[in-house]
Structure formats: C-alpha cells, structure tokens
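Working notes, beginning with the structure itself.
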Protein chains: 2
Amino acid sequence: MSRVAAHRCLLLVVAFCPLSIPPVDAADPLPSWNEGENKQRIVEFVKSVTARTSRWYVPASRRVATFDNDGTLWSEQPMYVQLRFAMYRTHRLAAQHPEWKTLQPFKAVLENDKAALMKAGGPGLMTLVAATHGGTVEEFQAQVAGWLKAARHPRFNRPYTDLVFQPMLELMAYMRANGFKTYIVSGGDIEFMRTWMEKIYGIPPEQVVGSRLKTRLEIRKGKPVLLRLPELEFINNSEGKPVSIRKFIGQRPLAAFGNSDGDLQMLQWTTAGNGKRLAVIVHHTDQKREWSYDRQTSIGHLDKALDEAIKRKWVVVDMKEDWKVIYPFASPQ
Amino acid sequence: MSRVAAHRCLLLVVAFCPLSIPPVDAADPLPSWNEGENKQRIVEFVKSVTARTSRWYVPASRRVATFDNDGTLWSEQPMYVQLRFAMYRTHRLAAQHPEWKTLQPFKAVLENDKAALMKAGGPGLMTLVAATHGGTVEEFQAQVAGWLKAARHPRFNRPYTDLVFQPMLELMAYMRANGFKTYIVSGGDIEFMRTWMEKIYGIPPEQVVGSRLKTRLEIRKGKPVLLRLPELEFINNSEGKPVSIRKFIGQRPLAAFGNSDGDLQMLQWTTAGNGKRLAVIVHHTDQKREWSYDRQTSIGHLDKALDEAIKRKWVVVDMKEDWKVIYPFASPQ
C-alpha cells in the first residue's frame, strides 16, 4: 500500500471567503496593530514556527492556536454578553417558574437588582445558564440567533457581535493564513458561541470549545433529537481549559490567547510544551475606547495571570498603546 | 469590514501525503470495491452532495462523515484490539494490585480464563479499561505505541494496524478528496485511537472522538500535566455517539458508517437530518478472508441495526460480495 501511495498525494485547494473576516495583507498582516515590541514578537513567533528553514519549524498539522472569547475577542463589560442573554431568557421563562420570584439568582434578575446579581457571582451565573439554556439544540440556537439580532449593547447601541476586536480578527486571519487551525476555548456555552462564531470569526462549529450542559438523546415523533438538560456538565474555565483542549483537540496548542485568570492554566499548559510557544494576554487599558480593568474587577478578573505574564515574559497587549482601533465599526475603510 | 474583505479571499493549498493512505484514482476512486449497487449508491451520494448544480448540494464546511472503528475500519475478532491491550496492561500492573488475584474481571485476565472474561462482558471490559489506561497522556500513548509495535494478531501474525480494511481506506480518502471531513466516532478510548490513527487512516487527533477517562490537571515539578484518572467519564457508544458528535463536531453528519448495534443511534440521527444523507453498515459475511457474524455474536453484535437498515434501505456492505480485498497486505500491488 505504502509503495502505491508514496508517489501520489492528495492536493486540496480550499477557498475560504466569509464576508466579515478581514483579508490578510502580505505587506502588513496586522494593520490595526501599532508597530512595537508586541506586534513584532507575535509576527516573529509565527515566522519562526512556519519557516521551513527555521529550527523551530512545526508542520501545519500541529499548528494549533486557542483563543479565549470574552474579553479576548469581544468586549465583556459592563457584563458578559451571555449573562444578558440568560437574563432575557429568565424573564421569558418566569411565568413557567413561579418559584423564581423568591429564589436567587432568579429573583435578582426579575427585580433588576444588580447588586444581588453581582453578589451571586460565578455560581449564580452558572445557575442561570443551566436553568435557561435547555431544550433541543435547534431551539436553543434559534433563541440565541433571534436575541442577538434584536439586542443592543447599552453603551454603543449596536449588536453585541459588532463589539469584536478588529486587531484580533486580523490576528486570527493572519494565523490561519499561516496554516494555523484557530480554536475558541472559552467559558461561554458551547452552543451559544457556535450560533454566531462562524459568521463573525470564520471559526466553524467543530473548532468552538466551551462550557457544556448535559445532553440526552430522545425520540420525538419517531425521530431522535438531542435535548440539552438544565444541568451543567462541564465548566470550561481555569483547569477546565487544558482538560478540554486535550479532549477536543488532542494536542497542545502552539499559541494561546486570553485576558483573565480563567486563562492562566491554558497559557501555562501551552507554554510548558517543547519548542517555541506563544502566550498572549489582552490587557484592558483603554477606558476611553473600551474599558480599563484588571485586578479589581470581578468580570474579566486579571491578577495572578498578569503576575505570571510579567514573570514569564508573555506578550501583554496594551489595548490603548498597541491597537489603532478597537472595533471594526471604528476602522478606517 | 465586509466591504474590504469581499473582494479578497484566503487561498489555502494543503498537500497531505501520509505513506499509508491510498491515492484517489479519478477513473475509479474505489478500486477495491466490486461494481454493484452498493458501490454505485455510495458514489452517487457523494456526487449528489458535491456537484454544484445538484439540488442536494452541500458546501464543503458542512460535509462531515463519521466512522465507527472496531469492525468498520479494522477487524474486531476474535476480540477487540483494545481489550488485548487492556489485558496486557493488567498483567504488567498486577504486581501493584495484589487484590486483582481474586477480583473479576482482573482474575480472569491473570488466569487466562476466557469464559469468565466473556461473562464479564461490556461492563467488565470498561472496568479493565478504567483500571489500566490511566497515567499522564504522554505515558499512556507511549505504552500504546510500544505495545502496537510488538503485538501480533493471533490469526494473521501481523501488527494489528495491518488489519485495516483496504476498501474503507479508499472510501475515506475518496470522501476527503470530495471535501468531506472524516471523523472517527468509536467506543474505543480516545487517546488509544489517537496514538495510531493519523498514520494509518490519515485522520488527525482533533477528528478522533472516543470513550473518555476523567482527566485532571496536576502540577508536577512546577509544570502542569494532564493526568488520566482510573475512572470512566463517558462511554462513546449507542446514544453516546450522537451526543458526542454534537459536542465535538457541532453539526449532524451527512454520512455515517458503522457495523453494529452500537452504531444504530448514530445512523438514525444522521439520516434524520434534512436533504440527502448516507447510512452504511459493514456486514461481516466473509468467514474465509475475515469473519462472518452478526446477530449471534457479543463482539460486534448486529441485530436491531440490521433490521433498521433493511427497513430504511441503508447501504449494507456485504464484505464477501462487495470487497475485492479485505486488507492492504492482500492488495495487488
């Protein structure tokens, strides 16, 4: 068999042209990035693992890059987008759940009590997600798509999917143009993210990894359907990220991108691999164009990972200094 | 952004030439398949979803094909290959587990008591797997690779990875040449399979989905490592297959291939989708060149899925009639 195959190869030519993804300019693949050490380090990393003559060369089948989503690829302030959706769903479902009137964190949502909602924290958010994200996968994705179409960001009065970071869109396209497979590895719900990421990021469903609800196969009207149960199966954050990457992708990333302590283990595990690795933290430093936060915030909390980044000389992107624009709608056309 | 992107596209050219994968001959992409209705139905399905002018056309990003492994892509008789490995590991680990001398199914393995082992059945096999497949992912894959190199199939006296089905290798290469992404969706352990499938099938780790052990991130000598625990997390069989496909791939396959009742739900869920779908069962009918079994066997039990295949007119491959050769080593060179 091998003798027959050795002198013939499959040649696949794949043309990929989603409308929302920026093209890659060979002269400057990252036009929204200011010149400087961070941009230079990223470009040099990509060159060093893709140039055939480089001692750090890695074949394309091993070029995996993983990206956190909230705060890394789109804005997460003043609250996670998916939390907004969960709140919307809580209102929609409230009539079926009279017990929510007196039960936290539902009560806080229904009474619009932000202090109580913030107090419920991460566990509260997970309770909301589990209770409001169930049903068949098709139903759920239709709910997400409908909501995203109508909802507007409170500060910018635009669809949430407009609040993606132009420099990161360029970076993902640049890495794909250099043979990288780009994956999302985020704490967000896996099917919530799959609803819109292919169109907005050019990342297909099979490259989106997130938190999961328990899912069961049921027969309805003689046909099998997949039903998401109101029960969390896996929270894809912190230690969960390397565990999920190994499970879904089966290899260690060459490069990983995050913005908070929930990304620390992913960045540590990535950089613990052999050869050249790249770890990048997006540091929110631009109060004027976006937000400025790190150690003091509960959403996008960045403390230990910032210390580690400084200690290990990871790339810490300074949004204010490094990025010419934040959002695509602010880009010069 | 979209205006800038619309007139420029990424063009990726991927040359993929693993040594063991057969080339695709445009004149006859399936040379090891005898002419007949089954071959014709498979080829017509592929043409109907890939021809741009077809009313059943599906874009490449939605061309997903899922393949069971044991009995569908390689021989599973007289016993699952992974069960052989688990038995080998049981012997190797026995000194550390004196309790196994009196505890089933370990006792059966250590005393080479095949009747008792068969009696332990599926749950017994799962107990063996959980107890013998732990450790770091790197350690485990090194154990699998070492064993596969040395072990020989009792009937053919060849490495187990020689006992793959030549017609199925051709079929997978043919589908990939037509833009399909080929996935393994098997009851076998996910990391056991990833150890060898890229070389033998041309399927990369991220397209291999299998049963999973619980996995934990640990710090060893200051570095994070992923440790597989001796505890099953998910059995990727029957209802588990559609659940895993949705989780890992995020879309319903266009085509699915299996050989036993453990594949029934995957085939049902695949064919419950819109448009053209293909469901194929490999029926073991060749006692002389391979094995002949279906309703009466415990390994590769095919009963309900065979009834369903007949009722729903799925393609039932008759190995004896449809395949010119079974194994690559028997191929005319």
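Residue numbering restarts at 1 for every chain of the structure tokens, chains are lettered A, B, ... in their displayed order, and ligands are numbered from 1 as they appear.
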message = Give me, as JSON, numbers by chain, all polymer residues having an atom no more than 10 Å from Asp68 of chain A, counting only C-alpha atoms and skipping those fewer than 4 positions away in the same chain.
response = {"A": [72, 73, 74, 183, 184, 185, 186, 187, 188, 209, 210, 237, 241, 256, 257, 258, 259, 260, 262, 263, 266, 281]}
inquiry  = Taking 3 positions as the minimum chain separation for residues in the same chain, which residues sit within 12 Å of Gly36 of chain A when counting only C-alpha atoms? Answer as a list in words.
reply    =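 Contacts, in chain order: Leu30, Trp33, Lys39, Gln40, Arg41, Ile42, Val43, Val315, Val317, Asp318, Glu321, Asp322, Trp323 and Lys324 of chain A.
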Export, as a PDB file, in the first residue's frame, the selected residues with C-alpha atoms.
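As written to disk, selection.pdb reads:
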ATOM      1  CA  LEU A  30      -1.821  43.237  11.182  1.00  0.00           C
ATOM      2  CA  TRP A  33      -1.683  46.930  15.371  1.00  0.00           C
ATOM      3  CA  LYS A  39       3.372  43.154  17.294  1.00  0.00           C
ATOM      4  CA  GLN A  40       6.952  42.250  16.444  1.00  0.00           C
ATOM      5  CA  ARG A  41       7.041  39.340  18.904  1.00  0.00           C
ATOM      6  CA  ILE A  42       3.806  37.889  17.519  1.00  0.00           C
ATOM      7  CA  VAL A  43       4.936  38.142  13.900  1.00  0.00           C
ATOM      8  CA  VAL A 315       3.140  39.105  25.496  1.00  0.00           C
ATOM      9  CA  VAL A 317      -1.113  43.501  24.810  1.00  0.00           C
ATOM     10  CA  ASP A 318      -1.780  47.044  25.926  1.00  0.00           C
ATOM     11  CA  GLU A 321      -0.973  51.559  23.111  1.00  0.00           C
ATOM     12  CA  ASP A 322      -0.945  48.571  20.780  1.00  0.00           C
ATOM     13  CA  TRP A 323      -4.237  48.865  18.943  1.00  0.00           C
ATOM     14  CA  LYS A 324      -5.008  51.553  16.371  1.00  0.00           C
TER      15      LYS A 324
END
message = When you count only C-alpha atoms, which of these residues is closest to chain B: A:Arg295, A:His97, A:Arg176, A:His153?
response = A:Arg176
ask   = Which neighbours of Gln166 of chain A fall inside 8 Å, counting only C-alpha atoms, when residues of the same chain fewer than 3 positions from it are skipped, and could you give them as a ChimeraX atom specification?
value = /A:32,169-170,325-328,331
Keeping only N, CA and C atoms, write the selected residues to a file as an mmCIF file, in the first residue's frame.
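Okay, part-v6.cif is ready:
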data_model
loop_
_atom_site.group_PDB
_atom_site.id
_atom_site.type_symbol
_atom_site.label_atom_id
_atom_site.label_comp_id
_atom_site.auth_asym_id
_atom_site.auth_seq_id
_atom_site.Cartn_x
_atom_site.Cartn_y
_atom_site.Cartn_z
ATOM 1 N N SER A 32 -4.099 46.906 12.006
ATOM 2 C CA SER A 32 -4.674 47.643 13.140
ATOM 3 C C SER A 32 -3.785 47.596 14.382
ATOM 4 N N LEU A 169 -9.366 40.007 15.066
ATOM 5 C CA LEU A 169 -9.860 39.403 13.818
ATOM 6 C C LEU A 169 -8.699 39.284 12.820
ATOM 7 N N GLU A 170 -7.910 40.339 12.744
ATOM 8 C CA GLU A 170 -6.748 40.310 11.839
ATOM 9 C C GLU A 170 -5.753 39.232 12.267
ATOM 10 N N VAL A 325 -7.241 50.665 16.326
ATOM 11 C CA VAL A 325 -8.698 50.708 16.511
ATOM 12 C C VAL A 325 -9.086 49.541 17.396
ATOM 13 N N ILE A 326 -10.255 49.644 17.991
ATOM 14 C CA ILE A 326 -10.758 48.545 18.812
ATOM 15 C C ILE A 326 -11.763 47.719 18.001
ATOM 16 N N TYR A 327 -12.794 48.405 17.506
ATOM 17 C CA TYR A 327 -13.899 47.690 16.860
ATOM 18 C C TYR A 327 -13.876 47.893 15.344
ATOM 19 N N PRO A 328 -14.406 46.916 14.609
ATOM 20 C CA PRO A 328 -14.454 47.062 13.141
ATOM 21 C C PRO A 328 -15.227 48.306 12.704
ATOM 22 N N SER A 331 -13.088 51.194 12.252
ATOM 23 C CA SER A 331 -11.948 51.063 11.335
ATOM 24 C C SER A 331 -12.018 52.059 10.203
#
request  = May I have the residues within 8 Å of Glu231 of chain B as a ChimeraX atom specification, using only C-alpha atoms and disregarding those fewer than 5 positions away in the same chain?
outcome  = /B:130-131,213-214
request  = Return the single residue from B:Phe67, B:Trp147, B:Phe165, B:Phe106 that is closest to chain A, with distances computed using only C-alpha atoms.
outcome  =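 Nearest candidate to chain A out of B:Phe67, B:Trp147, B:Phe165, B:Phe106: B:Phe165.
Within 9 Å of segment 110-114 of chain A, once only C-alpha atoms are used and residues closer than 3 positions along the same chain are dropped, the contacting residues are Met87, Thr90, His91, Ala94, Trp100, Lys101, Pro105, Phe106, Lys107, Leu117, Met118 and Lys119 of chain A.
Here atom CA of Ile310 of chain A stands at a distance of 29.0 Å from atom CA of Tyr201 of chain A.
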From the DSSP assignment of the backbone, select every residue of segment 179-253 of chain B that is helix (DSSP H, G or I), and format the answer as a PDB file with N, CA and C atoms, in the first residue's frame.
ATOM      1  N   ILE B 190     -10.349   7.319  23.499  1.00  0.00           N
ATOM      2  CA  ILE B 190      -9.977   8.406  22.592  1.00  0.00           C
ATOM      3  C   ILE B 190      -8.463   8.523  22.413  1.00  0.00           C
ATOM      4  N   GLU B 191      -7.698   8.359  23.494  1.00  0.00           N
ATOM      5  CA  GLU B 191      -6.244   8.519  23.366  1.00  0.00           C
ATOM      6  C   GLU B 191      -5.583   7.245  22.829  1.00  0.00           C
ATOM      7  N   PHE B 192      -6.174   6.099  23.083  1.00  0.00           N
ATOM      8  CA  PHE B 192      -5.700   4.859  22.458  1.00  0.00           C
ATOM      9  C   PHE B 192      -5.744   5.018  20.935  1.00  0.00           C
ATOM     10  N   MET B 193      -6.859   5.517  20.437  1.00  0.00           N
ATOM     11  CA  MET B 193      -7.026   5.629  18.988  1.00  0.00           C
ATOM     12  C   MET B 193      -6.147   6.715  18.373  1.00  0.00           C
ATOM     13  N   ARG B 194      -6.033   7.834  19.105  1.00  0.00           N
ATOM     14  CA  ARG B 194      -5.231   8.940  18.559  1.00  0.00           C
ATOM     15  C   ARG B 194      -3.764   8.567  18.381  1.00  0.00           C
ATOM     16  N   THR B 195      -3.313   7.560  19.123  1.00  0.00           N
ATOM     17  CA  THR B 195      -1.906   7.163  19.052  1.00  0.00           C
ATOM     18  C   THR B 195      -1.505   6.726  17.644  1.00  0.00           C
ATOM     19  N   TRP B 196      -2.436   6.092  16.917  1.00  0.00           N
ATOM     20  CA  TRP B 196      -2.044   5.490  15.632  1.00  0.00           C
ATOM     21  C   TRP B 196      -2.892   5.905  14.434  1.00  0.00           C
ATOM     22  N   MET B 197      -3.998   6.574  14.658  1.00  0.00           N
ATOM     23  CA  MET B 197      -4.924   6.809  13.546  1.00  0.00           C
ATOM     24  C   MET B 197      -4.440   7.818  12.514  1.00  0.00           C
ATOM     25  N   GLU B 198      -3.633   8.777  12.943  1.00  0.00           N
ATOM     26  CA  GLU B 198      -3.169   9.750  11.955  1.00  0.00           C
ATOM     27  C   GLU B 198      -2.299   9.056  10.911  1.00  0.00           C
ATOM     28  N   LYS B 199      -1.426   8.168  11.377  1.00  0.00           N
ATOM     29  CA  LYS B 199      -0.536   7.460  10.453  1.00  0.00           C
ATOM     30  C   LYS B 199      -1.295   6.451   9.588  1.00  0.00           C
ATOM     31  N   ILE B 200      -2.207   5.728  10.197  1.00  0.00           N
ATOM     32  CA  ILE B 200      -2.868   4.621   9.492  1.00  0.00           C
ATOM     33  C   ILE B 200      -4.063   5.086   8.654  1.00  0.00           C
ATOM     34  N   TYR B 201      -4.830   6.020   9.169  1.00  0.00           N
ATOM     35  CA  TYR B 201      -6.041   6.468   8.461  1.00  0.00           C
ATOM     36  C   TYR B 201      -5.900   7.870   7.856  1.00  0.00           C
ATOM     37  N   PRO B 205      -5.603  14.002  15.299  1.00  0.00           N
ATOM     38  CA  PRO B 205      -6.154  13.798  16.646  1.00  0.00           C
ATOM     39  C   PRO B 205      -7.474  14.513  16.878  1.00  0.00           C
ATOM     40  N   GLU B 206      -7.608  15.723  16.333  1.00  0.00           N
ATOM     41  CA  GLU B 206      -8.815  16.514  16.600  1.00  0.00           C
ATOM     42  C   GLU B 206     -10.037  15.961  15.873  1.00  0.00           C
ATOM     43  N   GLN B 207      -9.862  14.952  15.020  1.00  0.00           N
ATOM     44  CA  GLN B 207     -11.006  14.338  14.364  1.00  0.00           C
ATOM     45  C   GLN B 207     -11.243  12.904  14.865  1.00  0.00           C
ATOM     46  N   GLY B 240     -24.608   7.518  23.158  1.00  0.00           N
ATOM     47  CA  GLY B 240     -23.444   8.381  23.365  1.00  0.00           C
ATOM     48  C   GLY B 240     -22.866   8.930  22.072  1.00  0.00           C
ATOM     49  N   LYS B 241     -23.048   8.230  20.969  1.00  0.00           N
ATOM     50  CA  LYS B 241     -22.426   8.702  19.718  1.00  0.00           C
ATOM     51  C   LYS B 241     -23.040  10.004  19.189  1.00  0.00           C
ATOM     52  N   PRO B 242     -24.368  10.090  19.047  1.00  0.00           N
ATOM     53  CA  PRO B 242     -24.906  11.397  18.631  1.00  0.00           C
ATOM     54  C   PRO B 242     -24.577  12.513  19.632  1.00  0.00           C
ATOM     55  N   VAL B 243     -24.611  12.185  20.923  1.00  0.00           N
ATOM     56  CA  VAL B 243     -24.300  13.196  21.944  1.00  0.00           C
ATOM     57  C   VAL B 243     -22.872  13.716  21.744  1.00  0.00           C
ATOM     58  N   SER B 244     -21.920  12.796  21.517  1.00  0.00           N
ATOM     59  CA  SER B 244     -20.530  13.209  21.301  1.00  0.00           C
ATOM     60  C   SER B 244     -20.351  13.955  19.989  1.00  0.00           C
ATOM     61  N   ILE B 245     -21.046  13.528  18.958  1.00  0.00           N
ATOM     62  CA  ILE B 245     -20.898  14.213  17.664  1.00  0.00           C
ATOM     63  C   ILE B 245     -21.335  15.663  17.799  1.00  0.00           C
ATOM     64  N   ARG B 246     -22.485  15.867  18.444  1.00  0.00           N
ATOM     65  CA  ARG B 246     -22.952  17.234  18.654  1.00  0.00           C
ATOM     66  C   ARG B 246     -21.939  18.027  19.479  1.00  0.00           C
ATOM     67  N   LYS B 247     -21.387  17.383  20.523  1.00  0.00           N
ATOM     68  CA  LYS B 247     -20.475  18.083  21.420  1.00  0.00           C
ATOM     69  C   LYS B 247     -19.164  18.441  20.724  1.00  0.00           C
ATOM     70  N   PHE B 248     -18.569  17.474  20.055  1.00  0.00           N
ATOM     71  CA  PHE B 248     -17.242  17.676  19.477  1.00  0.00           C
ATOM     72  C   PHE B 248     -17.303  18.369  18.118  1.00  0.00           C
TER      73      PHE B 248
END
ask   = Could you state the separation of atom CA of Ile219 of chain A and atom CA of Arg252 of chain B in Å, given to one decimal place?
value = 16.0 Å
task = Give the strand (DSSP E or B) residues of segment 47-278 of chain B, as assigned by DSSP on the backbone, as number ranges by chain.
result = B: 64-67, 70, 74, 135-136, 164, 181-189, 208-220, 223-234, 255-258, 278
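Residues in contact with segment 49-66 of chain A at 8 Å, where only C-alpha atoms are counted and same-chain residues fewer than 3 positions away are skipped, are listed as Phe45, Val46, Asn178, Gly179, Phe180, Lys181, Thr182, Tyr183, Ile184, Val185, Gln251, Arg252, Pro253, Leu254, Ala255, Ala256, Phe257, Gly275 and Lys276 of chain A; Pro204 of chain B.
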I want to know what sits within 8 Å of Glu239 of chain B, based on only C-alpha atoms, with residues of the same chain fewer than 5 positions away left out; could you give that as a PDB file with C-alpha atoms, in the first residue's frame?
ATOM      1  CA  ARG A 216     -29.543  13.437  26.136  1.00  0.00           C
ATOM      2  CA  LEU A 217     -30.798  11.679  23.017  1.00  0.00           C
TER       3      LEU A 217
ATOM      4  CA  GLN B 265     -28.331   5.769  17.094  1.00  0.00           C
ATOM      5  CA  MET B 266     -25.557   7.475  15.112  1.00  0.00           C
TER       6      MET B 266
END
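Separating atom CA of Val129 of chain B from atom CA of Ile203 of chain B is a distance of 23.3 Å.
Using only C-alpha atoms for every distance, the candidate list B:Ser292, B:Ser75, B:Thr297, B:Thr271 yields B:Thr271 as the residue closest to chain A.
Here the question is which of B:Met172, B:Ala116, B:Ala108, B:Leu125 gets nearest to Ile299 of chain B using only C-alpha atoms, and that residue is B:Leu125.
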task = For each of A:Ala86, A:Ala177, A:Val280, A:Leu264, take the minimum atom-to-atom distance to chain B, counting only C-alpha atoms, then give the residue where this is smallest.
result =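 That would be A:Ala177, the residue with the smallest distance to chain B.
Considering the residues A:Val316, A:Val208, A:Ala279, A:Leu128 and counting only C-alpha atoms, chain B has its shortest atom-to-atom contact with A:Val208.
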